[in-house]
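K.L.:
Have a look at the structure that comes next, please.
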Amino acid sequence: MLREKLLELREKALESVHSTNSLKQLQDIHVSYLGKKGPITEVLKGMGKLSEEERPVIGQLANDVRKTIEQQIKVRKEKLERKLLEQQIESEKIDVTLPGRKIRTGSHHLLASVVREVEDLFIGLGFSVAEGPEVEEDYYNFEALNLPKDHPARDMQDSFYITDEILLRTHTSPMQARTLEKHKGKGPVRIICPGKVYRRDNDDATHSHQFMQIEGLYVDKNVRLSDLKGVLTVFARHMFGEDREIRLRPSFFPFTEPSVEMDISCFRCDGHGCSVCKGTGWIEILGAGMVHPNVLRMSGFDPSVYTGFAFGMGPERIAMLKYGIDDIRLFYTNDVRFLKQFKQA
Ligand code: FA5
């Protein structure tokens, strides 16, 4: 009786093992036939009722059945696992003949390229590059530049104040005072300082409330206005070529004496007058002059021994001239269609 039961169990179990395609189901078959509460264990429990002769025969058979089922489950498991792996390999196959994905490279922003070009030129002339804070003290932005608190020329640059004594710098000229102070009365000093500046200007095609400047400062014994003219001429020819016209106009800055402004003939109308140059034919790109003796004195330099020149230019205007860009706002809105055009610049 038990013998038939065991043989029947073996047959049923093997049929289930061979017909399943799932590892999970195989595991369930293992538990249901060979587990502690499974039918084979049940058979073994009933062995006490058997005769002495029958007991070892049935015991042996039960063990054989258990081993056979275990072994067949193992074989089936290996087969299913291999099949699964093959399916996975097939689905993850890589076609090495497909073309690769294109790597998109970025590029420098046009303004960064222009600043770098100017830096390279001046480094070649013996200047070094210095950077200063955008949140500046009133002292360096104005007072150390010969603009005391009540000076009317403070109105030339409408400022964003943070406290009474702290503001967003309105120009890069505070770096003149900071650099001179650092040199403790001893020349030569030769720096250019690029950076962002802020003014309460109304935005239009050629003005922005935040823009860039590049400051230049050269202080030594016997520096003259003709040196300034020479350096600016080299700069203008390097940046714009020989065919743009240049003019120096007498001007006023409290921190330079004498002061000049350098203009370049309008790129749009070639000097005839248009909306970009507001009908004048000229676009101003920098202010300059000989460092005022008061500025030298306040920063610890003896003006009877040292003289110097300084200039401050707008790289946006330089880029606009050089690349025929007619609206300064294009630099800040970062439309990729605009930026892409200057990948090589
Ligand atoms: C100054 O800021 C002086 N610190 C320059 C200077 C330095 C003079 C050293 C003498 C010695 P000015 O305000 O003119 O000067 O500005 C200098 C340049 O910045 C201008 O020629 C122009 O190119 C640019 N600029 C001025 N305002 C704006 C603006 N709102 N948007 C864009 N560029 C501007």
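By convention in this document, the chains of the structure tokens carry letters A, B, ... by their order, each chain's residues are numbered from 1, and ligands are numbered from 1 in the order they are shown.
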Give me the segment 91-165 of chain A side of the contact with segment 254-259 of chain A, cut-off 8 Å, one line per residue showing its nearest atom pair and distance in Å at one decimal, counting only C-alpha atoms, sorted by chain and residue number, as CSV.
P.N.:
residue,atom,partner,partner_atom,distance
A:Leu145,CA,A:Phe255,CA,5.1
A:Asn146,CA,A:Phe255,CA,5.6
A:Leu147,CA,A:Pro254,CA,6.5
A:Ala153,CA,A:Pro254,CA,7.3
K.L.:
Could the residues in this selection be written to a file with C-alpha atoms, as a PDB file, in the first residue's frame?
P.N.:
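Okay, again.pdb is ready:
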ATOM      1  CA  LEU A 145      39.449 107.596  -6.160  1.00  0.00           C
ATOM      2  CA  ASN A 146      39.215 111.277  -5.245  1.00  0.00           C
ATOM      3  CA  LEU A 147      35.431 111.245  -4.913  1.00  0.00           C
ATOM      4  CA  ALA A 153      30.659 113.441  -9.884  1.00  0.00           C
TER       5      ALA A 153
END
K.L.:
Could you give me, as a PDB file with N, CA, C and O atoms, in the first residue's frame, the residues within 12 Å of Gln72 of chain A, counting only C-alpha atoms and dropping anything in the same chain fewer than 2 positions from it?
P.N.:
ATOM      1  N   ARG A  10       6.225   9.764  -6.595  1.00  0.00           N
ATOM      2  CA  ARG A  10       7.401  10.004  -7.430  1.00  0.00           C
ATOM      3  C   ARG A  10       6.980  10.420  -8.840  1.00  0.00           C
ATOM      4  O   ARG A  10       7.467  11.390  -9.397  1.00  0.00           O
ATOM      5  N   GLU A  11       5.998   9.686  -9.358  1.00  0.00           N
ATOM      6  CA  GLU A  11       5.553   9.949 -10.720  1.00  0.00           C
ATOM      7  C   GLU A  11       4.970  11.357 -10.855  1.00  0.00           C
ATOM      8  O   GLU A  11       5.322  12.117 -11.745  1.00  0.00           O
ATOM      9  N   ALA A  13       5.432  13.941  -8.810  1.00  0.00           N
ATOM     10  CA  ALA A  13       6.447  14.970  -8.564  1.00  0.00           C
ATOM     11  C   ALA A  13       7.293  15.178  -9.814  1.00  0.00           C
ATOM     12  O   ALA A  13       7.507  16.320 -10.252  1.00  0.00           O
ATOM     13  N   LEU A  14       7.744  14.090 -10.423  1.00  0.00           N
ATOM     14  CA  LEU A  14       8.603  14.229 -11.594  1.00  0.00           C
ATOM     15  C   LEU A  14       7.863  14.883 -12.763  1.00  0.00           C
ATOM     16  O   LEU A  14       8.435  15.674 -13.513  1.00  0.00           O
ATOM     17  N   GLU A  15       6.584  14.570 -12.867  1.00  0.00           N
ATOM     18  CA  GLU A  15       5.788  15.170 -13.936  1.00  0.00           C
ATOM     19  C   GLU A  15       5.747  16.698 -13.747  1.00  0.00           C
ATOM     20  O   GLU A  15       5.944  17.466 -14.689  1.00  0.00           O
ATOM     21  N   SER A  16       5.499  17.130 -12.488  1.00  0.00           N
ATOM     22  CA  SER A  16       5.464  18.584 -12.200  1.00  0.00           C
ATOM     23  C   SER A  16       6.829  19.212 -12.475  1.00  0.00           C
ATOM     24  O   SER A  16       6.918  20.290 -13.062  1.00  0.00           O
ATOM     25  N   VAL A  17       7.900  18.530 -12.026  1.00  0.00           N
ATOM     26  CA  VAL A  17       9.253  19.083 -12.211  1.00  0.00           C
ATOM     27  C   VAL A  17       9.535  19.288 -13.694  1.00  0.00           C
ATOM     28  O   VAL A  17      10.016  20.339 -14.120  1.00  0.00           O
ATOM     29  N   HIS A  18       9.190  18.304 -14.500  1.00  0.00           N
ATOM     30  CA  HIS A  18       9.536  18.387 -15.923  1.00  0.00           C
ATOM     31  C   HIS A  18       8.636  19.331 -16.707  1.00  0.00           C
ATOM     32  O   HIS A  18       9.027  19.828 -17.755  1.00  0.00           O
ATOM     33  N   SER A  19       7.427  19.571 -16.155  1.00  0.00           N
ATOM     34  CA  SER A  19       6.535  20.430 -16.945  1.00  0.00           C
ATOM     35  C   SER A  19       6.669  21.923 -16.583  1.00  0.00           C
ATOM     36  O   SER A  19       6.174  22.765 -17.301  1.00  0.00           O
ATOM     37  N   LEU A  26       9.393  25.685  -9.263  1.00  0.00           N
ATOM     38  CA  LEU A  26      10.274  24.575  -8.926  1.00  0.00           C
ATOM     39  C   LEU A  26      10.552  24.549  -7.422  1.00  0.00           C
ATOM     40  O   LEU A  26      10.548  23.505  -6.775  1.00  0.00           O
ATOM     41  N   ILE A  29       7.540  23.263  -5.675  1.00  0.00           N
ATOM     42  CA  ILE A  29       7.440  21.794  -5.801  1.00  0.00           C
ATOM     43  C   ILE A  29       8.343  21.146  -4.750  1.00  0.00           C
ATOM     44  O   ILE A  29       7.960  20.194  -4.060  1.00  0.00           O
ATOM     45  N   HIS A  30       9.549  21.696  -4.620  1.00  0.00           N
ATOM     46  CA  HIS A  30      10.509  21.184  -3.643  1.00  0.00           C
ATOM     47  C   HIS A  30       9.900  21.193  -2.244  1.00  0.00           C
ATOM     48  O   HIS A  30       9.908  20.189  -1.522  1.00  0.00           O
ATOM     49  N   VAL A  65      13.012   7.559  -3.476  1.00  0.00           N
ATOM     50  CA  VAL A  65      12.059   8.495  -4.094  1.00  0.00           C
ATOM     51  C   VAL A  65      12.496   9.932  -3.801  1.00  0.00           C
ATOM     52  O   VAL A  65      12.566  10.786  -4.676  1.00  0.00           O
ATOM     53  N   ARG A  66      12.815  10.190  -2.515  1.00  0.00           N
ATOM     54  CA  ARG A  66      13.254  11.534  -2.121  1.00  0.00           C
ATOM     55  C   ARG A  66      14.490  11.965  -2.956  1.00  0.00           C
ATOM     56  O   ARG A  66      14.519  13.062  -3.524  1.00  0.00           O
ATOM     57  N   LYS A  67      15.489  11.071  -3.054  1.00  0.00           N
ATOM     58  CA  LYS A  67      16.722  11.382  -3.781  1.00  0.00           C
ATOM     59  C   LYS A  67      16.442  11.661  -5.248  1.00  0.00           C
ATOM     60  O   LYS A  67      16.972  12.602  -5.842  1.00  0.00           O
ATOM     61  N   THR A  68      15.574  10.794  -5.832  1.00  0.00           N
ATOM     62  CA  THR A  68      15.257  10.968  -7.265  1.00  0.00           C
ATOM     63  C   THR A  68      14.614  12.340  -7.498  1.00  0.00           C
ATOM     64  O   THR A  68      14.992  13.071  -8.423  1.00  0.00           O
ATOM     65  N   ILE A  69      13.634  12.666  -6.634  1.00  0.00           N
ATOM     66  CA  ILE A  69      12.951  13.960  -6.815  1.00  0.00           C
ATOM     67  C   ILE A  69      13.957  15.101  -6.639  1.00  0.00           C
ATOM     68  O   ILE A  69      14.036  16.030  -7.464  1.00  0.00           O
ATOM     69  N   GLU A  70      14.775  15.018  -5.598  1.00  0.00           N
ATOM     70  CA  GLU A  70      15.777  16.059  -5.331  1.00  0.00           C
ATOM     71  C   GLU A  70      16.707  16.236  -6.531  1.00  0.00           C
ATOM     72  O   GLU A  70      16.966  17.342  -6.983  1.00  0.00           O
ATOM     73  N   LYS A  74      17.158  19.437  -9.142  1.00  0.00           N
ATOM     74  CA  LYS A  74      18.469  20.071  -9.344  1.00  0.00           C
ATOM     75  C   LYS A  74      18.771  20.194 -10.851  1.00  0.00           C
ATOM     76  O   LYS A  74      19.159  21.255 -11.347  1.00  0.00           O
ATOM     77  N   VAL A  75      18.556  19.096 -11.568  1.00  0.00           N
ATOM     78  CA  VAL A  75      18.823  19.095 -13.012  1.00  0.00           C
ATOM     79  C   VAL A  75      17.949  20.132 -13.718  1.00  0.00           C
ATOM     80  O   VAL A  75      18.420  20.925 -14.536  1.00  0.00           O
ATOM     81  N   ARG A  76      16.634  20.113 -13.308  1.00  0.00           N
ATOM     82  CA  ARG A  76      15.694  21.044 -13.945  1.00  0.00           C
ATOM     83  C   ARG A  76      16.089  22.495 -13.642  1.00  0.00           C
ATOM     84  O   ARG A  76      16.020  23.366 -14.503  1.00  0.00           O
ATOM     85  N   LYS A  77      16.530  22.720 -12.407  1.00  0.00           N
ATOM     86  CA  LYS A  77      16.906  24.074 -11.976  1.00  0.00           C
ATOM     87  C   LYS A  77      18.077  24.592 -12.824  1.00  0.00           C
ATOM     88  O   LYS A  77      18.053  25.710 -13.349  1.00  0.00           O
ATOM     89  N   GLU A  78      19.085  23.739 -12.976  1.00  0.00           N
ATOM     90  CA  GLU A  78      20.241  24.155 -13.776  1.00  0.00           C
ATOM     91  C   GLU A  78      19.830  24.478 -15.206  1.00  0.00           C
ATOM     92  O   GLU A  78      20.285  25.456 -15.795  1.00  0.00           O
ATOM     93  N   LYS A  79      18.941  23.658 -15.749  1.00  0.00           N
ATOM     94  CA  LYS A  79      18.496  23.838 -17.125  1.00  0.00           C
ATOM     95  C   LYS A  79      17.766  25.188 -17.273  1.00  0.00           C
ATOM     96  O   LYS A  79      18.016  25.963 -18.196  1.00  0.00           O
TER      97      LYS A  79
END
K.L.:
Taking the DSSP assignment computed from this structure's backbone, write out as a ChimeraX atom specification all residues of segment 125-290 of chain A that belong to strand (DSSP E).
P.N.:
/A:128-129,135-137,166-168,189-198,210-220,246-253,256-265,282-290
K.L.:
Hey, which residues sit close to ligand 1? Say within 7 Å, counting only C-alpha atoms and all ligand atoms, and write them as a short mmCIF file (atom, residue, chain, number, x, y, z; two decimals) with all heavy atoms, in the first residue's frame.
P.N.:
data_model
loop_
_atom_site.label_atom_id
_atom_site.label_comp_id
_atom_site.auth_asym_id
_atom_site.auth_seq_id
_atom_site.Cartn_x
_atom_site.Cartn_y
_atom_site.Cartn_z
N GLN A 157 27.72 107.89 -11.91
CA GLN A 157 27.47 106.45 -11.87
C GLN A 157 26.43 106.14 -10.81
O GLN A 157 26.73 106.11 -9.63
CB GLN A 157 28.77 105.70 -11.53
CG GLN A 157 29.89 106.00 -12.49
CD GLN A 157 31.22 105.39 -12.04
OE1 GLN A 157 31.31 104.77 -11.00
NE2 GLN A 157 32.23 105.60 -12.85
N THR A 170 30.58 100.13 -9.04
CA THR A 170 30.03 100.75 -10.26
C THR A 170 31.04 100.72 -11.40
O THR A 170 30.71 101.05 -12.52
CB THR A 170 29.63 102.20 -9.99
OG1 THR A 170 30.78 102.89 -9.47
CG2 THR A 170 28.50 102.30 -8.97
N HIS A 171 32.27 100.40 -11.05
CA HIS A 171 33.33 100.27 -12.06
C HIS A 171 34.45 99.40 -11.48
O HIS A 171 34.40 99.04 -10.29
CB HIS A 171 33.85 101.64 -12.52
CG HIS A 171 34.23 102.58 -11.41
ND1 HIS A 171 34.79 103.82 -11.63
CD2 HIS A 171 34.15 102.47 -10.04
CE1 HIS A 171 35.03 104.41 -10.47
NE2 HIS A 171 34.65 103.63 -9.51
N THR A 172 35.43 99.06 -12.31
CA THR A 172 36.54 98.25 -11.78
C THR A 172 37.66 99.12 -11.22
O THR A 172 38.67 98.61 -10.73
CB THR A 172 37.09 97.30 -12.88
OG1 THR A 172 37.17 98.01 -14.11
CG2 THR A 172 36.21 96.08 -13.06
N SER A 173 37.47 100.45 -11.26
CA SER A 173 38.53 101.36 -10.78
C SER A 173 38.91 101.17 -9.30
O SER A 173 40.05 101.48 -8.94
CB SER A 173 38.13 102.81 -11.04
OG SER A 173 37.97 103.02 -12.42
N ARG A 199 25.28 99.21 -12.39
CA ARG A 199 24.82 100.59 -12.32
C ARG A 199 23.32 100.66 -12.52
O ARG A 199 22.77 99.83 -13.25
CB ARG A 199 25.48 101.42 -13.44
CG ARG A 199 26.91 101.73 -13.15
CD ARG A 199 27.48 102.67 -14.17
NE ARG A 199 28.92 102.54 -14.16
CZ ARG A 199 29.73 103.14 -14.99
NH1 ARG A 199 29.24 103.94 -15.93
NH2 ARG A 199 31.03 102.98 -14.90
N ASP A 201 21.49 101.91 -14.52
CA ASP A 201 21.25 102.42 -15.88
C ASP A 201 20.01 101.73 -16.45
O ASP A 201 19.73 100.59 -16.11
CB ASP A 201 22.43 102.07 -16.80
CG ASP A 201 23.58 103.07 -16.66
OD1 ASP A 201 23.37 104.11 -15.99
OD2 ASP A 201 24.66 102.79 -17.20
N THR A 206 22.62 99.51 -26.06
CA THR A 206 24.05 99.63 -25.74
C THR A 206 24.33 99.80 -24.25
O THR A 206 25.48 100.00 -23.86
CB THR A 206 24.69 100.83 -26.51
OG1 THR A 206 23.88 101.98 -26.25
CG2 THR A 206 24.78 100.57 -27.99
N HIS A 207 23.29 99.76 -23.41
CA HIS A 207 23.49 99.89 -21.97
C HIS A 207 22.86 98.72 -21.22
O HIS A 207 21.79 98.25 -21.60
CB HIS A 207 22.85 101.17 -21.43
CG HIS A 207 23.54 102.40 -21.90
ND1 HIS A 207 23.27 102.98 -23.12
CD2 HIS A 207 24.50 103.16 -21.32
CE1 HIS A 207 24.04 104.05 -23.26
NE2 HIS A 207 24.80 104.18 -22.19
N SER A 208 23.52 98.33 -20.13
CA SER A 208 22.94 97.29 -19.28
C SER A 208 23.18 97.68 -17.83
O SER A 208 24.13 98.40 -17.52
CB SER A 208 23.60 95.96 -19.61
OG SER A 208 23.25 95.00 -18.66
N HIS A 209 22.32 97.21 -16.91
CA HIS A 209 22.51 97.55 -15.49
C HIS A 209 23.65 96.73 -14.89
O HIS A 209 24.21 97.08 -13.87
CB HIS A 209 21.22 97.31 -14.72
CG HIS A 209 20.77 95.88 -14.81
ND1 HIS A 209 20.11 95.39 -15.91
CD2 HIS A 209 20.94 94.86 -13.96
CE1 HIS A 209 19.88 94.10 -15.72
NE2 HIS A 209 20.39 93.75 -14.54
N GLN A 210 23.96 95.59 -15.53
CA GLN A 210 25.14 94.81 -15.11
C GLN A 210 25.95 94.57 -16.37
O GLN A 210 25.42 94.13 -17.38
CB GLN A 210 24.71 93.48 -14.53
CG GLN A 210 25.90 92.63 -14.09
CD GLN A 210 25.67 91.14 -14.25
OE1 GLN A 210 24.81 90.59 -13.58
NE2 GLN A 210 26.42 90.51 -15.14
N PHE A 211 27.21 94.93 -16.31
CA PHE A 211 28.05 94.72 -17.49
C PHE A 211 29.47 94.46 -17.02
O PHE A 211 29.72 94.35 -15.81
CB PHE A 211 27.97 95.94 -18.43
CG PHE A 211 28.32 97.26 -17.80
CD1 PHE A 211 29.57 97.83 -17.99
CD2 PHE A 211 27.40 97.94 -17.02
CE1 PHE A 211 29.90 99.06 -17.41
CE2 PHE A 211 27.71 99.17 -16.43
CZ PHE A 211 28.96 99.72 -16.63
N MET A 212 30.39 94.32 -17.97
CA MET A 212 31.77 94.02 -17.57
C MET A 212 32.67 95.22 -17.86
O MET A 212 32.38 96.02 -18.74
CB MET A 212 32.29 92.81 -18.33
CG MET A 212 31.71 91.51 -17.83
SD MET A 212 32.67 90.11 -18.39
CE MET A 212 34.06 90.15 -17.28
N GLN A 213 33.72 95.31 -17.11
CA GLN A 213 34.77 96.28 -17.43
C GLN A 213 36.12 95.59 -17.32
O GLN A 213 36.26 94.57 -16.62
CB GLN A 213 34.74 97.45 -16.45
CG GLN A 213 33.61 98.44 -16.72
CD GLN A 213 33.78 99.75 -15.95
OE1 GLN A 213 34.51 99.82 -14.95
NE2 GLN A 213 33.09 100.78 -16.40
N GLU A 215 39.80 96.98 -16.26
CA GLU A 215 40.58 98.12 -15.79
C GLU A 215 42.04 97.88 -16.12
O GLU A 215 42.52 96.73 -16.08
CB GLU A 215 40.43 98.21 -14.25
CG GLU A 215 40.94 99.47 -13.63
CD GLU A 215 39.90 100.58 -13.75
OE1 GLU A 215 38.77 100.31 -14.19
OE2 GLU A 215 40.23 101.73 -13.41
N GLY A 216 42.76 98.95 -16.43
CA GLY A 216 44.20 98.85 -16.63
C GLY A 216 44.89 99.90 -15.77
O GLY A 216 44.35 101.00 -15.58
N PHE A 253 37.29 112.51 -15.44
CA PHE A 253 37.09 111.52 -14.38
C PHE A 253 37.80 112.08 -13.15
O PHE A 253 38.93 112.58 -13.28
CB PHE A 253 37.70 110.16 -14.74
CG PHE A 253 37.08 109.52 -15.95
CD1 PHE A 253 37.72 109.56 -17.18
CD2 PHE A 253 35.84 108.88 -15.86
CE1 PHE A 253 37.15 108.97 -18.30
CE2 PHE A 253 35.26 108.30 -16.99
CZ PHE A 253 35.92 108.34 -18.20
N PHE A 255 39.34 110.70 -10.90
CA PHE A 255 40.55 109.98 -10.51
C PHE A 255 41.67 110.05 -11.53
O PHE A 255 42.72 109.43 -11.36
CB PHE A 255 40.21 108.51 -10.18
CG PHE A 255 39.07 107.95 -10.99
CD1 PHE A 255 39.31 107.28 -12.18
CD2 PHE A 255 37.75 108.11 -10.57
CE1 PHE A 255 38.26 106.78 -12.93
CE2 PHE A 255 36.70 107.60 -11.33
CZ PHE A 255 36.95 106.94 -12.51
N THR A 256 41.45 110.76 -12.65
CA THR A 256 42.54 110.94 -13.63
C THR A 256 42.62 112.41 -14.02
O THR A 256 41.63 113.13 -14.07
CB THR A 256 42.30 110.09 -14.90
OG1 THR A 256 40.95 110.25 -15.32
CG2 THR A 256 42.60 108.62 -14.68
N SER A 259 42.08 113.60 -18.38
CA SER A 259 41.27 112.41 -18.69
C SER A 259 40.91 112.43 -20.17
O SER A 259 40.76 113.49 -20.77
CB SER A 259 39.97 112.43 -17.89
OG SER A 259 40.23 112.53 -16.51
N GLU A 284 31.53 104.93 -27.80
CA GLU A 284 32.57 105.06 -26.79
C GLU A 284 32.92 103.67 -26.26
O GLU A 284 32.03 102.87 -25.99
CB GLU A 284 32.01 105.99 -25.70
CG GLU A 284 32.33 105.61 -24.32
CD GLU A 284 31.33 106.18 -23.29
OE1 GLU A 284 30.56 107.11 -23.61
OE2 GLU A 284 31.34 105.67 -22.17
N ILE A 285 34.22 103.35 -26.15
CA ILE A 285 34.54 102.05 -25.57
C ILE A 285 35.39 102.14 -24.32
O ILE A 285 35.44 101.19 -23.54
CB ILE A 285 35.19 101.04 -26.55
CG1 ILE A 285 36.49 101.56 -27.06
CG2 ILE A 285 34.24 100.60 -27.62
CD1 ILE A 285 37.34 100.41 -27.55
N LEU A 286 36.08 103.23 -24.11
CA LEU A 286 36.81 103.28 -22.84
C LEU A 286 37.11 104.70 -22.38
O LEU A 286 37.15 105.65 -23.17
CB LEU A 286 38.09 102.44 -22.91
CG LEU A 286 39.24 102.77 -23.86
CD1 LEU A 286 40.14 103.86 -23.29
CD2 LEU A 286 40.06 101.51 -24.09
N GLY A 287 37.28 104.79 -21.06
CA GLY A 287 37.70 106.03 -20.45
C GLY A 287 39.11 105.81 -19.90
O GLY A 287 39.46 104.70 -19.51
N ALA A 288 39.91 106.87 -19.89
CA ALA A 288 41.30 106.71 -19.45
C ALA A 288 41.87 108.05 -18.98
O ALA A 288 41.20 109.08 -19.04
CB ALA A 288 42.14 106.16 -20.60
N GLY A 289 43.11 108.00 -18.52
CA GLY A 289 43.76 109.26 -18.13
C GLY A 289 44.99 108.99 -17.29
O GLY A 289 45.33 107.83 -17.02
N ALA A 310 45.74 105.09 -16.26
CA ALA A 310 44.72 104.07 -15.99
C ALA A 310 43.69 104.14 -17.10
O ALA A 310 43.52 105.19 -17.73
CB ALA A 310 44.06 104.32 -14.64
N PHE A 311 43.04 103.02 -17.34
CA PHE A 311 41.94 103.02 -18.31
C PHE A 311 40.89 102.00 -17.88
O PHE A 311 41.17 101.07 -17.11
CB PHE A 311 42.43 102.72 -19.74
CG PHE A 311 43.18 101.42 -19.87
CD1 PHE A 311 42.51 100.22 -20.02
CD2 PHE A 311 44.58 101.41 -19.83
CE1 PHE A 311 43.20 99.03 -20.14
CE2 PHE A 311 45.28 100.22 -19.94
CZ PHE A 311 44.60 99.02 -20.10
N GLY A 312 39.66 102.21 -18.35
CA GLY A 312 38.60 101.25 -18.05
C GLY A 312 37.76 101.08 -19.31
O GLY A 312 37.26 102.06 -19.86
N MET A 313 37.66 99.83 -19.76
CA MET A 313 36.92 99.60 -21.02
C MET A 313 35.76 98.64 -20.79
O MET A 313 35.72 97.89 -19.81
CB MET A 313 37.85 99.03 -22.08
CG MET A 313 38.40 97.67 -21.73
SD MET A 313 39.45 97.02 -23.02
CE MET A 313 41.03 97.76 -22.65
N GLY A 314 34.81 98.67 -21.73
CA GLY A 314 33.66 97.77 -21.66
C GLY A 314 33.81 96.66 -22.68
O GLY A 314 33.65 96.90 -23.88
N PRO A 315 34.08 95.42 -22.22
CA PRO A 315 34.25 94.31 -23.18
C PRO A 315 33.01 94.01 -24.02
O PRO A 315 33.13 93.56 -25.15
CB PRO A 315 34.61 93.11 -22.32
CG PRO A 315 34.49 93.52 -20.91
CD PRO A 315 34.36 95.00 -20.85
N GLU A 316 31.80 94.34 -23.47
CA GLU A 316 30.60 94.14 -24.30
C GLU A 316 30.68 95.01 -25.55
O GLU A 316 30.43 94.55 -26.66
CB GLU A 316 29.33 94.54 -23.53
CG GLU A 316 28.86 93.51 -22.53
CD GLU A 316 29.46 93.71 -21.15
OE1 GLU A 316 30.47 94.45 -21.04
OE2 GLU A 316 28.94 93.13 -20.19
N ARG A 317 31.05 96.26 -25.33
CA ARG A 317 31.12 97.18 -26.49
C ARG A 317 32.19 96.72 -27.47
O ARG A 317 32.04 96.84 -28.68
CB ARG A 317 31.43 98.60 -26.02
CG ARG A 317 30.39 99.12 -25.04
CD ARG A 317 29.66 100.35 -25.56
NE ARG A 317 28.50 100.60 -24.70
CZ ARG A 317 28.36 101.65 -23.93
NH1 ARG A 317 29.30 102.59 -23.91
NH2 ARG A 317 27.29 101.80 -23.20
#
K.L.:
For Ser159 of chain A, which residue among A:Tyr332, A:Tyr198, A:Tyr139, A:Phe240 is the nearest when counting only C-alpha atoms?
P.N.:
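Comparing A:Tyr332, A:Tyr198, A:Tyr139, A:Phe240 against Ser159 of chain A, the winner is A:Tyr198.
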K.L.:
Check the smallest atom-to-atom distance from each of A:Glu136, A:Asp263, A:Glu92, A:Asp150 to Leu168 of chain A using only C-alpha atoms, then report the winner.
P.N.:
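Selected residue with least distance to Leu168 of chain A: A:Glu136.
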K.L.:
In Å to one decimal, how far is atom CA of Thr233 of chain A from atom CA of Gly132 of chain A?
P.N.:
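Computed distance, atom CA of Gly132 of chain A to atom CA of Thr233 of chain A, equals 26.5 Å.
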K.L.:
Run DSSP on the backbone and grab whatever in segment 208-315 of chain A lands in helix (DSSP H, G or I); send it over as a VMD selection string.
P.N.:
chain A and resid 225 to 240 293 to 298 315
K.L.:
So that I can check the surroundings of Thr307 of chain A, please list as a PyMOL selection string every protein, DNA and RNA residue that reaches within 12 Å of it, counting only C-alpha atoms and ignoring chain neighbours fewer than 5 positions away.
P.N.:
chain A and resi 180+185-189+217-225+227-228+256-257+289-297+301-302
K.L.:
Using only C-alpha atoms, which of A:Leu98, A:Cys277, A:Ile73, A:Ile191 sits nearest Leu23 of chain A?
P.N.:
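Of all the options, A:Ile73 lies closest to Leu23 of chain A.
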